[in-house]
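Chemist: Got a structure for you, questions after.
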Amino acid sequence: MSRSNYAESCGAELGLALIQALHKLRDKPQDESFLMVAGALGVLTLFKDEHIESAAAGFAGSLVDVLMLGVANLPKGDA
């Protein structure tokens, strides 16, 4: 596995770990969730410059499906 692919996989795993952690914080104060997100984004900055884009792509990719599912299940408002 190339270092770029490895960075992307690590970014995806980080995103999935964030989703799991945020799920556990569902009924907690929002500041805990914001700190969790900030921490995950901080970890991304630890990747070397030549691999940061791959790591960020993996991270974002792991979040997109969950966000789309969440948006699709939002209550429908009256138009």
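Following the order of the structure tokens, first chain is A, next is B, and so on, with residues numbered from 1 inside each chain and ligands from 1 in the order they appear.
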Which residues of range 3-27 of chain A come within 8 Å of range 31-47 of chain A, and for each one, what is the closest pair of atoms and their distance in Å to one decimal, counting only C-alpha atoms, sorted by chain and residue number, as JSON lines?

Modeler:
```
{"residue": "A:Ala7", "atom": "CA", "partner": "A:Phe47", "partner_atom": "CA", "distance": 7.6}
{"residue": "A:Gly11", "atom": "CA", "partner": "A:Leu44", "partner_atom": "CA", "distance": 7.2}
{"residue": "A:Leu14", "atom": "CA", "partner": "A:Ala40", "partner_atom": "CA", "distance": 6.9}
{"residue": "A:Gly15", "atom": "CA", "partner": "A:Ala40", "partner_atom": "CA", "distance": 7.7}
{"residue": "A:Leu18", "atom": "CA", "partner": "A:Ala40", "partner_atom": "CA", "distance": 6.8}
{"residue": "A:Ala21", "atom": "CA", "partner": "A:Met36", "partner_atom": "CA", "distance": 7.7}
{"residue": "A:Leu22", "atom": "CA", "partner": "A:Ser33", "partner_atom": "CA", "distance": 6.2}
{"residue": "A:Leu25", "atom": "CA", "partner": "A:Ser33", "partner_atom": "CA", "distance": 6.6}
```

Chemist: I need the chosen residues saved as an mmCIF file, in the first residue's frame, with N, CA, C and O atoms.

Modeler:
```cif
data_model
loop_
_atom_site.group_PDB
_atom_site.id
_atom_site.type_symbol
_atom_site.label_atom_id
_atom_site.label_comp_id
_atom_site.auth_asym_id
_atom_site.auth_seq_id
_atom_site.Cartn_x
_atom_site.Cartn_y
_atom_site.Cartn_z
ATOM 1 N N ALA A 7 -2.405 6.986 4.079
ATOM 2 C CA ALA A 7 -2.886 8.226 4.689
ATOM 3 C C ALA A 7 -4.394 8.358 4.505
ATOM 4 O O ALA A 7 -5.109 8.762 5.428
ATOM 5 N N GLY A 11 -7.145 8.511 7.447
ATOM 6 C CA GLY A 11 -8.120 9.589 7.520
ATOM 7 C C GLY A 11 -9.543 9.057 7.621
ATOM 8 O O GLY A 11 -10.359 9.561 8.397
ATOM 9 N N LEU A 14 -10.108 7.678 11.077
ATOM 10 C CA LEU A 14 -10.277 8.799 11.998
ATOM 11 C C LEU A 14 -11.701 9.347 11.907
ATOM 12 O O LEU A 14 -12.343 9.628 12.923
ATOM 13 N N GLY A 15 -12.210 9.475 10.694
ATOM 14 C CA GLY A 15 -13.582 9.941 10.501
ATOM 15 C C GLY A 15 -14.600 9.002 11.125
ATOM 16 O O GLY A 15 -15.539 9.437 11.796
ATOM 17 N N LEU A 18 -14.518 9.313 14.838
ATOM 18 C CA LEU A 18 -15.204 10.539 15.239
ATOM 19 C C LEU A 18 -16.712 10.335 15.250
ATOM 20 O O LEU A 18 -17.395 10.735 16.192
ATOM 21 N N ALA A 21 -17.647 8.331 18.287
ATOM 22 C CA ALA A 21 -17.517 9.128 19.511
ATOM 23 C C ALA A 21 -18.652 10.145 19.623
ATOM 24 O O ALA A 21 -19.215 10.340 20.707
ATOM 25 N N LEU A 22 -18.988 10.786 18.505
ATOM 26 C CA LEU A 22 -20.078 11.765 18.530
ATOM 27 C C LEU A 22 -21.412 11.097 18.833
ATOM 28 O O LEU A 22 -22.268 11.670 19.511
ATOM 29 N N LEU A 25 -21.858 10.816 22.380
ATOM 30 C CA LEU A 25 -22.056 12.115 23.028
ATOM 31 C C LEU A 25 -23.406 12.754 22.689
ATOM 32 O O LEU A 25 -23.614 13.935 22.957
#
```

Chemist: List as a count of residues only the protein and nucleic acid residues near Ser9 in chain A, meaning an atom at most 9 Å away when only C-alpha atoms are counted, but skip any in the same chain fewer than 5 places from it.

Modeler: 6

Chemist: Which of chain A end up as helix (DSSP H, G or I) when DSSP is run on this backbone - answer as a ChimeraX atom specification?

Modeler: /A:3-24,30-44,49-72

Chemist: Kindly give the distance, in Å, that separates CA of Glu8 in chain A and CA of Leu67 in chain A, rounded to a single decimal.

Modeler: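 Result for CA of Glu8 in chain A versus CA of Leu67 in chain A: 19.0 Å, one decimal.
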
Chemist: Return the single residue from A:Gln20, A:Asn73, A:Gln30, A:Asn5 that is closest to Glu50 in chain A, with distances computed using only C-alpha atoms.

Modeler: A:Asn5

Chemist: I'd like the interatomic distance between CA of Leu63 in chain A and CA of His51 in chain A, to a tenth of an Å.

Modeler: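 Between these atoms lies a distance of 18.9 Å.
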
Chemist: For a quick check of understanding, using only C-alpha atoms, which of A:Lys48, A:Cys10, A:Lys76, A:Asp27 has the smallest distance to Ala60 in chain A?

Modeler: A:Cys10

Chemist: To one decimal place, how far is CA of Gly61 in chain A from CA of Pro75 in chain A in Å?

Modeler: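 Going from CA of Gly61 in chain A over to CA of Pro75 in chain A covers 24.5 Å.
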